[in-house]
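Asks: So that you have it, the file is data.cif, and it contains mmCIF, C-alpha atoms (C1' of nucleotides):
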```cif
data_work
#
loop_
_atom_site.label_atom_id
_atom_site.label_comp_id
_atom_site.auth_asym_id
_atom_site.auth_seq_id
_atom_site.Cartn_x
_atom_site.Cartn_y
_atom_site.Cartn_z
CA MET A 219 140.44 77.28 1.31
CA ARG A 220 138.12 80.21 0.79
CA ALA A 221 134.56 79.86 1.99
CA ASP A 222 132.94 79.99 -1.45
CA ALA A 223 135.41 77.37 -2.68
CA THR A 224 134.45 74.91 0.04
CA LYS A 225 130.81 75.49 -0.68
CA ASN A 226 131.30 74.89 -4.40
CA ARG A 227 133.28 71.77 -3.71
CA GLU A 228 130.68 70.25 -1.43
CA HIS A 229 127.83 71.16 -3.72
CA LEU A 230 129.67 69.61 -6.67
CA LEU A 231 130.19 66.39 -4.74
CA ALA A 232 126.51 66.18 -3.85
CA VAL A 233 125.40 66.78 -7.42
CA ALA A 234 128.03 64.43 -8.84
CA GLY A 235 126.90 61.68 -6.48
CA ALA A 236 123.32 62.04 -7.67
CA VAL A 237 124.18 62.21 -11.38
CA ILE A 238 126.60 59.28 -11.25
CA THR A 239 124.16 57.14 -9.27
CA GLU A 240 121.66 57.88 -11.99
CA GLN A 241 123.81 57.65 -15.13
CA GLY A 242 126.92 55.71 -14.15
CA VAL A 243 130.56 56.68 -13.78
CA ASP A 244 130.81 57.88 -17.40
CA ALA A 245 128.25 60.62 -16.87
CA SER A 246 129.03 63.95 -18.53
CA LEU A 247 131.20 66.16 -16.34
CA ARG A 248 129.81 69.16 -18.17
CA ASP A 249 126.35 68.07 -17.13
CA ILE A 250 127.43 67.77 -13.51
CA ALA A 251 128.89 71.29 -13.55
CA ARG A 252 125.76 72.61 -15.23
CA ARG A 253 123.44 71.02 -12.67
CA ALA A 254 125.63 72.37 -9.90
CA ASP A 255 125.34 75.90 -11.37
CA VAL A 256 129.10 76.15 -11.53
CA GLY A 257 131.56 76.84 -14.31
CA LEU A 258 132.99 73.72 -15.90
CA ALA A 259 136.50 74.91 -15.18
CA THR A 260 135.66 75.11 -11.49
CA LEU A 261 134.85 71.41 -11.44
CA PHE A 262 138.15 70.67 -13.15
CA ARG A 263 140.23 72.55 -10.65
CA HIS A 264 138.55 70.93 -7.68
CA PHE A 265 138.80 67.52 -9.33
CA PRO A 266 141.52 67.48 -11.98
CA THR A 267 140.45 64.09 -13.36
CA ARG A 268 137.25 62.08 -13.42
CA GLU A 269 138.95 59.57 -11.16
CA ALA A 270 139.77 62.25 -8.61
CA LEU A 271 136.07 63.08 -8.44
CA LEU A 272 135.17 59.41 -8.17
CA GLU A 273 137.71 58.93 -5.43
CA CYS A 274 136.13 61.66 -3.30
CA LEU A 275 132.73 60.11 -3.86
CA LEU A 276 133.80 56.56 -3.05
CA HIS A 277 136.39 57.10 -0.35
CA ALA A 278 134.00 57.05 2.59
CA ARG A 279 132.23 53.91 1.43
CA PHE A 280 135.51 52.17 0.67
CA ASP A 281 136.63 52.81 4.21
CA GLU A 282 133.30 51.49 5.46
CA MET A 283 133.82 48.32 3.47
CA ALA A 284 137.24 47.86 5.03
CA ALA A 285 135.81 48.42 8.51
CA ARG A 286 132.99 46.03 7.67
CA ALA A 287 135.58 43.36 6.92
CA ASP A 288 136.97 43.81 10.43
CA GLU A 289 133.50 43.52 11.96
CA LEU A 290 132.80 40.35 10.05
CA GLU A 291 136.16 38.95 11.02
CA ALA A 292 135.19 39.34 14.68
CA SER A 293 131.59 38.20 14.44
CA SER A 294 131.36 35.43 11.86
CA SER A 295 132.97 32.16 10.90
CA PRO A 296 135.82 32.52 8.40
CA ALA A 297 133.74 31.24 5.48
CA ASP A 298 130.61 33.21 6.36
CA ALA A 299 132.59 36.41 6.81
CA LEU A 300 134.14 36.09 3.36
CA VAL A 301 130.87 35.28 1.64
CA SER A 302 128.97 38.07 3.40
CA TRP A 303 131.63 40.55 2.50
CA LEU A 304 131.55 39.48 -1.13
CA HIS A 305 127.81 40.05 -1.23
CA GLU A 306 128.18 43.49 0.29
CA PHE A 307 130.86 44.33 -2.24
CA LEU A 308 128.50 43.34 -5.04
CA SER A 309 125.54 45.27 -3.74
CA TYR A 310 127.71 48.33 -3.19
CA THR A 311 129.32 48.40 -6.61
CA HIS A 312 125.92 47.81 -8.13
CA SER A 313 124.93 51.35 -7.13
CA TYR A 314 127.60 52.94 -9.35
CA HIS A 315 127.32 51.55 -12.87
CA GLY A 316 130.67 50.96 -14.49
CA VAL A 317 132.71 51.56 -11.36
CA VAL A 318 134.36 48.12 -11.46
CA ALA A 319 136.07 48.90 -14.74
CA SER A 320 137.59 51.99 -13.12
CA MET A 321 138.65 49.90 -10.15
CA MET A 322 140.32 47.26 -12.29
CA ALA A 323 142.25 49.94 -14.13
CA ALA A 324 143.18 51.78 -10.92
CA ILE A 325 144.40 48.76 -8.96
CA GLN A 326 147.53 48.48 -11.04
CA ASP A 327 148.06 52.16 -11.79
CA PRO A 328 149.73 53.88 -8.83
CA GLN A 329 149.16 57.21 -10.58
CA SER A 330 145.41 56.84 -10.43
CA ALA A 331 143.56 58.83 -7.80
CA LEU A 332 141.55 55.67 -7.10
CA HIS A 333 144.59 53.47 -6.59
CA ALA A 334 144.92 53.69 -2.82
CA SER A 335 141.23 53.09 -2.22
CA CYS A 336 141.24 50.02 -4.41
CA VAL A 337 144.31 48.64 -2.69
CA THR A 338 142.56 49.15 0.66
CA MET A 339 139.50 47.35 -0.64
CA ARG A 340 141.56 44.46 -1.96
CA ALA A 341 143.48 44.25 1.31
CA ALA A 342 140.23 43.97 3.26
CA GLY A 343 139.10 41.10 1.07
CA THR A 344 142.48 39.47 1.26
CA ARG A 345 142.34 39.53 5.06
CA LEU A 346 139.06 37.62 5.04
CA LEU A 347 140.31 35.28 2.35
CA THR A 348 143.53 34.25 4.09
CA ARG A 349 141.67 33.75 7.37
CA ALA A 350 139.24 31.42 5.63
CA GLN A 351 142.12 29.63 3.94
CA SER A 352 143.96 29.17 7.24
CA ALA A 353 140.80 27.69 8.70
CA GLY A 354 140.74 25.23 5.80
CA ALA A 355 137.41 26.61 4.61
CA VAL A 356 138.57 27.98 1.25
CA ARG A 357 140.83 26.57 -1.46
CA THR A 358 144.40 27.79 -1.19
CA ASP A 359 145.20 28.21 -4.87
CA ILE A 360 143.83 31.75 -5.09
CA ASP A 361 145.09 35.01 -3.65
CA GLY A 362 143.53 38.36 -2.87
CA THR A 363 143.91 39.63 -6.42
CA ASP A 364 142.12 36.56 -7.76
CA LEU A 365 139.30 37.26 -5.32
CA PHE A 366 139.25 40.89 -6.45
CA ALA A 367 139.09 39.75 -10.06
CA LEU A 368 136.25 37.29 -9.46
CA ALA A 369 134.30 39.85 -7.43
CA GLY A 370 134.86 42.42 -10.16
CA SER A 371 133.71 40.15 -12.96
CA LEU A 372 130.55 39.25 -11.07
CA ALA A 373 129.94 42.91 -10.32
CA TRP A 374 130.33 43.70 -14.01
CA LEU A 375 127.75 41.04 -14.79
CA GLY A 376 125.39 42.74 -12.39
CA ASP A 377 125.81 45.95 -14.41
CA GLN A 378 124.50 44.26 -17.54
CA PRO A 379 120.72 44.59 -17.46
CA SER A 380 120.23 41.30 -19.30
CA MET A 381 122.25 39.35 -16.77
CA ALA A 382 121.56 41.09 -13.47
CA PRO A 383 118.72 38.71 -12.45
CA ARG A 384 120.99 35.67 -12.68
CA VAL A 385 123.98 37.07 -10.83
CA ASP A 386 122.91 35.78 -7.42
CA HIS A 387 122.74 32.27 -8.78
CA LEU A 388 126.11 32.53 -10.49
CA VAL A 389 127.66 34.02 -7.37
CA SER A 390 126.51 31.01 -5.38
CA ILE A 391 128.18 28.72 -7.93
CA VAL A 392 131.46 30.62 -7.77
CA VAL A 393 131.31 30.71 -3.97
CA GLU A 394 130.76 26.97 -3.93
CA ALA A 395 133.84 26.59 -6.10
CA LEU A 396 135.89 28.52 -3.55
CA LEU A 397 134.67 26.73 -0.43
CA THR A 398 136.44 23.47 0.31
CA THR A 399 133.52 22.35 2.45
CA SER A 400 131.43 21.78 -0.63
CA ALA A 401 132.97 18.32 -0.83
CA LYS A 402 129.78 16.94 -2.31
CA PRO A 403 128.53 15.37 0.93
CA ALA A 404 126.52 12.88 -1.09
CA ALA A 405 129.59 11.61 -2.96
CA GLY A 406 132.13 10.27 -0.50
CA PRO A 407 132.13 10.17 3.35
CA SER A 408 135.79 11.06 3.91
CA ASN A 409 135.42 12.33 7.50
CA PRO A 410 131.75 12.98 8.25
CA GLY A 411 131.56 12.89 12.05
CA SER A 412 134.01 14.03 14.70
CA MET B 621 124.57 48.07 -55.69
CA ARG B 622 126.80 50.26 -57.80
CA ALA B 623 130.41 49.19 -58.30
CA ASP B 624 131.95 52.10 -56.37
CA ALA B 625 129.54 51.47 -53.51
CA THR B 626 130.60 47.83 -53.15
CA LYS B 627 134.22 48.87 -53.25
CA ASN B 628 133.68 51.50 -50.55
CA ARG B 629 131.79 49.04 -48.41
CA GLU B 630 134.47 46.38 -48.57
CA HIS B 631 137.26 48.83 -47.98
CA LEU B 632 135.41 50.27 -44.98
CA LEU B 633 135.00 46.80 -43.51
CA ALA B 634 138.70 46.04 -43.91
CA VAL B 635 139.75 49.33 -42.30
CA ALA B 636 137.16 49.00 -39.53
CA GLY B 637 138.41 45.51 -38.73
CA ALA B 638 141.96 46.79 -38.36
CA VAL B 639 141.04 49.86 -36.30
CA ILE B 640 138.71 47.95 -33.97
CA THR B 641 141.23 45.17 -33.45
CA GLU B 642 143.67 47.87 -32.48
CA GLN B 643 141.49 50.21 -30.41
CA GLY B 644 138.45 48.19 -29.39
CA VAL B 645 134.78 48.34 -30.33
CA ASP B 646 134.45 51.96 -29.16
CA ALA B 647 136.93 53.23 -31.72
CA SER B 648 136.03 56.52 -33.40
CA LEU B 649 133.83 55.99 -36.46
CA ARG B 650 135.13 59.27 -37.81
CA ASP B 651 138.63 57.88 -37.60
CA ILE B 652 137.59 54.75 -39.47
CA ALA B 653 136.05 56.82 -42.28
CA ARG B 654 139.12 59.04 -42.38
CA ARG B 655 141.52 56.10 -42.64
CA ALA B 656 139.34 54.60 -45.35
CA ASP B 657 139.51 57.89 -47.31
CA VAL B 658 135.75 58.04 -47.39
CA GLY B 659 133.23 60.62 -46.28
CA LEU B 660 131.85 60.04 -42.79
CA ALA B 661 128.31 60.07 -44.13
CA THR B 662 129.20 57.24 -46.48
CA LEU B 663 130.10 55.05 -43.55
CA PHE B 664 126.81 55.90 -41.87
CA ARG B 665 124.71 54.93 -44.86
CA HIS B 666 126.48 51.60 -45.31
CA PHE B 667 126.30 50.91 -41.58
CA PRO B 668 123.54 52.94 -39.95
CA THR B 669 124.68 52.08 -36.42
CA ARG B 670 127.93 51.03 -34.80
CA GLU B 671 126.33 47.67 -34.09
CA ALA B 672 125.49 47.17 -37.75
CA LEU B 673 129.16 47.64 -38.57
CA LEU B 674 130.17 45.29 -35.77
CA GLU B 675 127.69 42.71 -36.98
CA CYS B 676 129.24 42.66 -40.46
CA LEU B 677 132.67 42.29 -38.91
CA LEU B 678 131.71 39.52 -36.51
CA HIS B 679 129.17 37.57 -38.48
CA ALA B 680 131.60 35.24 -40.22
CA ARG B 681 133.45 34.40 -37.02
CA PHE B 682 130.22 33.89 -35.12
CA ASP B 683 129.15 31.35 -37.70
CA GLU B 684 132.54 29.67 -37.43
CA MET B 685 132.08 29.41 -33.67
CA ALA B 686 128.71 27.75 -34.17
CA ALA B 687 130.19 25.32 -36.69
CA ARG B 688 133.07 24.69 -34.32
CA ALA B 689 130.56 23.64 -31.68
CA ASP B 690 129.22 21.01 -34.07
CA GLU B 691 132.71 19.74 -34.81
CA LEU B 692 133.50 19.43 -31.11
CA GLU B 693 130.21 17.71 -30.52
CA ALA B 694 131.23 15.04 -33.00
CA SER B 695 134.87 14.66 -32.02
CA SER B 696 135.16 15.13 -28.25
CA SER B 697 133.64 13.93 -25.01
CA PRO B 698 130.73 16.07 -23.78
CA ALA B 699 132.81 17.73 -21.07
CA ASP B 700 135.90 18.29 -23.24
CA ALA B 701 133.81 19.73 -26.04
CA LEU B 702 132.19 22.27 -23.73
CA VAL B 703 135.47 23.30 -22.12
CA SER B 704 137.29 23.59 -25.45
CA TRP B 705 134.52 25.69 -26.88
CA LEU B 706 134.59 28.00 -23.87
CA HIS B 707 138.31 28.53 -24.35
CA GLU B 708 137.83 29.31 -28.01
CA PHE B 709 135.08 31.76 -27.15
CA LEU B 710 137.42 33.52 -24.75
CA SER B 711 140.34 33.71 -27.13
CA TYR B 712 138.08 34.98 -29.90
CA THR B 713 136.39 37.73 -27.90
CA HIS B 714 139.79 38.73 -26.59
CA SER B 715 140.68 40.03 -30.04
CA TYR B 716 137.92 42.68 -29.97
CA HIS B 717 138.19 44.70 -26.78
CA GLY B 718 134.83 45.55 -25.30
CA VAL B 719 132.83 43.31 -27.59
CA VAL B 720 131.30 41.30 -24.73
CA ALA B 721 129.50 44.36 -23.40
CA SER B 722 127.91 44.83 -26.82
CA MET B 723 126.97 41.16 -26.86
CA MET B 724 125.37 41.29 -23.43
CA ALA B 725 123.31 44.27 -24.50
CA ALA B 726 122.37 42.75 -27.85
CA ILE B 727 121.30 39.36 -26.55
CA GLN B 728 118.14 40.75 -25.05
CA ASP B 729 117.47 43.52 -27.56
CA PRO B 730 115.80 42.08 -30.68
CA GLN B 731 116.23 45.50 -32.35
CA SER B 732 120.00 45.25 -32.19
CA ALA B 733 121.82 44.36 -35.39
CA LEU B 734 123.94 42.01 -33.28
CA HIS B 735 120.98 40.21 -31.75
CA ALA B 736 120.71 37.27 -34.14
CA SER B 737 124.44 36.55 -34.08
CA CYS B 738 124.47 36.53 -30.29
CA VAL B 739 121.50 34.21 -30.15
CA THR B 740 123.28 31.86 -32.55
CA MET B 741 126.37 31.95 -30.38
CA ARG B 742 124.38 31.25 -27.23
CA ALA B 743 122.54 28.41 -28.96
CA ALA B 744 125.83 26.78 -29.94
CA GLY B 745 127.04 26.91 -26.35
CA THR B 746 123.69 25.67 -25.07
CA ARG B 747 123.91 22.65 -27.36
CA LEU B 748 127.26 21.65 -25.86
CA LEU B 749 126.03 22.40 -22.36
CA THR B 750 122.90 20.28 -22.51
CA ARG B 751 124.82 17.41 -24.07
CA ALA B 752 127.32 17.51 -21.20
CA GLN B 753 124.46 17.73 -18.71
CA SER B 754 122.70 14.73 -20.25
CA ALA B 755 125.94 12.78 -19.97
CA GLY B 756 126.05 13.66 -16.27
CA ALA B 757 129.30 15.57 -16.73
CA VAL B 758 128.03 19.04 -15.83
CA ARG B 759 125.77 20.33 -13.07
CA THR B 760 122.16 20.70 -14.17
CA ASP B 761 121.26 23.90 -12.32
CA ILE B 762 122.51 26.21 -15.08
CA ASP B 763 121.17 26.93 -18.55
CA GLY B 764 122.63 28.33 -21.75
CA THR B 765 122.13 31.92 -20.67
CA ASP B 766 124.01 31.25 -17.42
CA LEU B 767 126.84 29.80 -19.47
CA PHE B 768 126.75 32.84 -21.75
CA ALA B 769 126.89 35.10 -18.70
CA LEU B 770 129.82 33.27 -17.12
CA ALA B 771 131.70 33.19 -20.41
CA GLY B 772 131.01 36.90 -20.87
CA SER B 773 132.19 37.86 -17.41
CA LEU B 774 135.41 35.90 -17.85
CA ALA B 775 135.91 37.48 -21.28
CA TRP B 776 135.43 40.91 -19.72
CA LEU B 777 138.08 40.06 -17.16
CA GLY B 778 140.43 39.20 -19.99
CA ASP B 779 139.86 42.70 -21.38
CA GLN B 780 141.16 44.28 -18.18
CA PRO B 781 144.94 44.55 -18.56
CA SER B 782 145.50 44.12 -14.82
CA MET B 783 143.60 40.83 -14.71
CA ALA B 784 144.30 39.23 -18.07
CA PRO B 785 147.25 37.11 -16.81
CA ARG B 786 145.08 35.42 -14.18
CA VAL B 787 142.07 34.67 -16.34
CA ASP B 788 143.23 31.18 -17.32
CA HIS B 789 143.51 30.21 -13.70
CA LEU B 790 140.11 31.63 -12.84
CA VAL B 791 138.57 29.94 -15.85
CA SER B 792 139.84 26.61 -14.61
CA ILE B 793 138.22 27.25 -11.24
CA VAL B 794 134.89 28.13 -12.81
CA VAL B 795 135.10 25.12 -15.11
CA GLU B 796 135.78 22.92 -12.13
CA ALA B 797 132.66 24.32 -10.49
CA LEU B 798 130.60 23.34 -13.51
CA LEU B 799 131.95 19.81 -13.90
CA THR B 800 130.40 17.23 -11.60
CA THR B 801 133.46 15.01 -11.94
CA SER B 802 135.71 17.37 -9.98
CA ALA B 803 135.33 15.35 -6.76
CA LYS B 804 138.57 16.72 -5.25
CA PRO B 805 140.85 13.71 -5.85
CA ALA B 806 143.51 14.99 -3.42
CA ALA B 807 141.18 15.42 -0.46
CA GLY B 808 139.59 12.07 0.18
CA PRO B 809 140.55 8.69 -1.33
CA SER B 810 137.07 7.73 -2.45
CA ASN B 811 138.23 5.76 -5.50
CA PRO B 812 141.92 6.49 -6.16
CA GLY B 813 143.32 3.65 -8.31
CA SER B 814 141.62 1.04 -10.41
"C1'" DA C 415 122.29 55.92 -57.12
"C1'" DC C 416 125.81 57.19 -54.56
"C1'" DC C 417 129.05 60.41 -52.32
"C1'" DT C 418 130.48 64.56 -49.63
"C1'" DG C 419 131.27 68.89 -47.00
"C1'" DA C 420 129.28 71.40 -43.76
"C1'" DA C 421 126.30 72.16 -39.93
"C1'" DC C 422 124.63 70.78 -35.37
"C1'" DA C 423 124.81 69.55 -30.66
"C1'" DC C 424 127.53 67.29 -27.83
"C1'" DC C 425 132.15 66.02 -25.18
"C1'" DG C 426 136.82 66.86 -22.13
"C1'" DT C 427 140.56 70.16 -21.51
"C1'" DT C 428 142.89 74.54 -21.16
"C1'" DC C 429 143.59 79.35 -20.29
"C1'" DA C 430 143.33 84.36 -20.45
"C1'" DA C 431 140.52 87.56 -18.28
"C1'" DG C 432 137.75 88.91 -14.55
"C1'" DT C 433 136.53 89.82 -9.31
"C1'" DA D 388 142.52 83.06 -4.22
"C1'" DC D 389 139.00 81.67 -6.73
"C1'" DC D 390 135.72 81.70 -10.61
"C1'" DT D 391 134.23 81.93 -15.52
"C1'" DG D 392 133.35 82.32 -20.56
"C1'" DA D 393 135.34 81.25 -24.53
"C1'" DA D 394 138.35 78.68 -27.42
"C1'" DC D 395 140.11 74.24 -29.00
"C1'" DA D 396 140.00 69.70 -30.79
"C1'" DC D 397 137.33 66.03 -30.62
"C1'" DC D 398 132.78 63.03 -31.10
"C1'" DG D 399 128.13 60.95 -33.54
"C1'" DT D 400 124.35 62.30 -36.52
"C1'" DT D 401 121.93 64.56 -40.23
"C1'" DC D 402 121.14 66.68 -44.63
"C1'" DA D 403 121.27 69.78 -48.58
"C1'" DA D 404 124.06 69.97 -52.47
"C1'" DG D 405 126.83 67.81 -55.79
"C1'" DT D 406 128.09 64.15 -59.65
#
```
Hey, can you dump this file as structure tokens for me?
Replies:
Amino acid sequence: MRADATKNREHLLAVAGAVITEQGVDASLRDIARRADVGLATLFRHFPTREALLECLLHARFDEMAARADELEASSSPADALVSWLHEFLSYTHSYHGVVASMMAAIQDPQSALHASCVTMRAAGTRLLTRAQSAGAVRTDIDGTDLFALAGSLAWLGDQPSMAPRVDHLVSIVVEALLTTSAKPAAGPSNPGS
Amino acid sequence: MRADATKNREHLLAVAGAVITEQGVDASLRDIARRADVGLATLFRHFPTREALLECLLHARFDEMAARADELEASSSPADALVSWLHEFLSYTHSYHGVVASMMAAIQDPQSALHASCVTMRAAGTRLLTRAQSAGAVRTDIDGTDLFALAGSLAWLGDQPSMAPRVDHLVSIVVEALLTTSAKPAAGPSNPGS
DNA sequence: ACCTGAACACCGTTCAAGT
DNA sequence: ACCTGAACACCGTTCAAGT
């Protein structure tokens, strides 16, 4: 790649990151090119689709999230690791308005530039989920895609200004529904002590 | 209103209903006017905003949903009424792709043409929720807006083609989290038979 | 009183023409 | 090899001009 091309590409990514953080994933591509002082067609050749641009922006953080799952797997209890990771997923997606819709579309479209990253993300969550299920900490009637769906729907809720303040509360209710240890300790003492 | 105006208005509503059912709430208004064989400006004067058009399309069904809540209140147990109503809410919103996002925005914007209808809808759900809570059938740490949020997030999930098949399962999990009677019968024999 | 075509400022996408 | 301006077909919104 020619030197000016690399420079354009990097500058475009920086500007796109700022604009999308500010306006969401449906921000005007024309506006991004304009702010980057670059021809619109230049943006399109570097990133042939909006999703290709998104992928370059998100790739690093997606990998971090996968690595974070490994860390949590080593350092926390199965249930805590899963719950912590879910919270980090939510706070991350919250910084790019509308990104969950793109992720939901990409996860089942192998043609999408975002596909691989989403599969990686789902795999990381699935790892934590199955570990928690093996430990008997989480109900076994859901799989990694169900977890992905629940996380996505809660993330979407966080994108709605009217509902954002209540998301933490609703997350705790959904988490409680997943954990088998929430056996209503007050209700019945099935096996309380050792 | 002049006779031709009424005719235009009704024809526009019929066409808009068809197009939006087909393409979702973000369908092109220009396309709707075109299919209705009417000038674009005519559509704009009858319905000054997209939400005003949506409101006219949804109003009747919103009222039906509120009436349906009353019926269920009279005919079913508190828990069954709430769960049935939630399912009807989901199957209804499913027929207008993207409508839940509009509802979430409208519920806290009194300026929105959709505001009143959404408040009515939330009130209907709240009625069933508080009845179930009074009967001790549903957890008391959520209110009508939480219910609206959960219903909305599940409806959004149903709009995502990749996740639609799993929504029923996830709904049942969320419902179980709301009901206080879901004391995990398989886990511990607290009170199995009579 | 109501309708309409045209204008305006946007958008994503493509491509011939430049260097 | 890379960039760009201009063209194209869209979009929502507005308004002067028609009947």
Asks: Quick one, how far is CA of Glu394 (chain A) from CA of Val318 (chain A)?
Replies: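 Pair CA of Glu394 (chain A) / CA of Val318 (chain A) returns 22.7 Å.
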Asks: Quick one: residues within 9 Å of region 743-752 of chain B, only C-alpha atoms (C1' of nucleotides) counted, chain neighbours fewer than 4 positions away excluded, as a ChimeraX atom specification?
Replies: /B:685-690,692-693,697-702,705-706,738-739,756-760,762-765,767-768,799
Asks: Give as a list of chain:residue names the residues that the PyMOL selection byres ((chain B) within 9 of (chain D)) matches when applied to the coordinates above.
Replies: B:Ser648, B:Leu649, B:Arg650, B:Ala661, B:Phe664
Asks: Take the PyMOL selection byres ((chain B) within 8 of (chain A)), run it mentally on this structure, and tell me the resulting residues as a list in words.
Replies: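 Selected by the PyMOL selection byres ((chain B) within 8 of (chain A)) in this file: Ala721, Met724, Ala725, Ile727, Gln728, Asp766, Ala769, Leu770, Ser773, Leu774, Trp776, Leu777, Gln780, Pro781, Ser782, Met783, Arg786, Leu790, Ile793, Val794, Glu796, Ala797, Ala803, Lys804, Gly808, Pro809 and Ser810 of chain B.
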Asks: For a test of reading the model, state the distance in Å between CA of Arg252 (chain A) and CA of Arg220 (chain A), rounded to one decimal.
Replies: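 It comes out at 21.6 Å.
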Asks: What lies within 8 Å of Tyr314 (chain A) using all atoms listed in the file, ignoring chain neighbours under 6 positions off, as a list in words?
Replies: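 Final neighbour list, sorted by chain and number: Ile238, Thr239, Gly242 and Val243 of chain A.
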Asks: Between CA of Val639 (chain B) and CA of Phe667 (chain B), what is the distance in Å, rounded to a tenth?
Replies: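 Going from CA of Val639 (chain B) over to CA of Phe667 (chain B), I get 15.7 Å.
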Asks: Check the smallest atom-to-atom distance from each of A:Ser335, A:Ser302, A:Ser352, A:Thr260 to Cys274 (chain A) using all atoms listed in the file, then report the winner.
Replies: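 When distances to Cys274 (chain A) are compared using all atoms listed in the file, the smallest one comes from A:Ser335.
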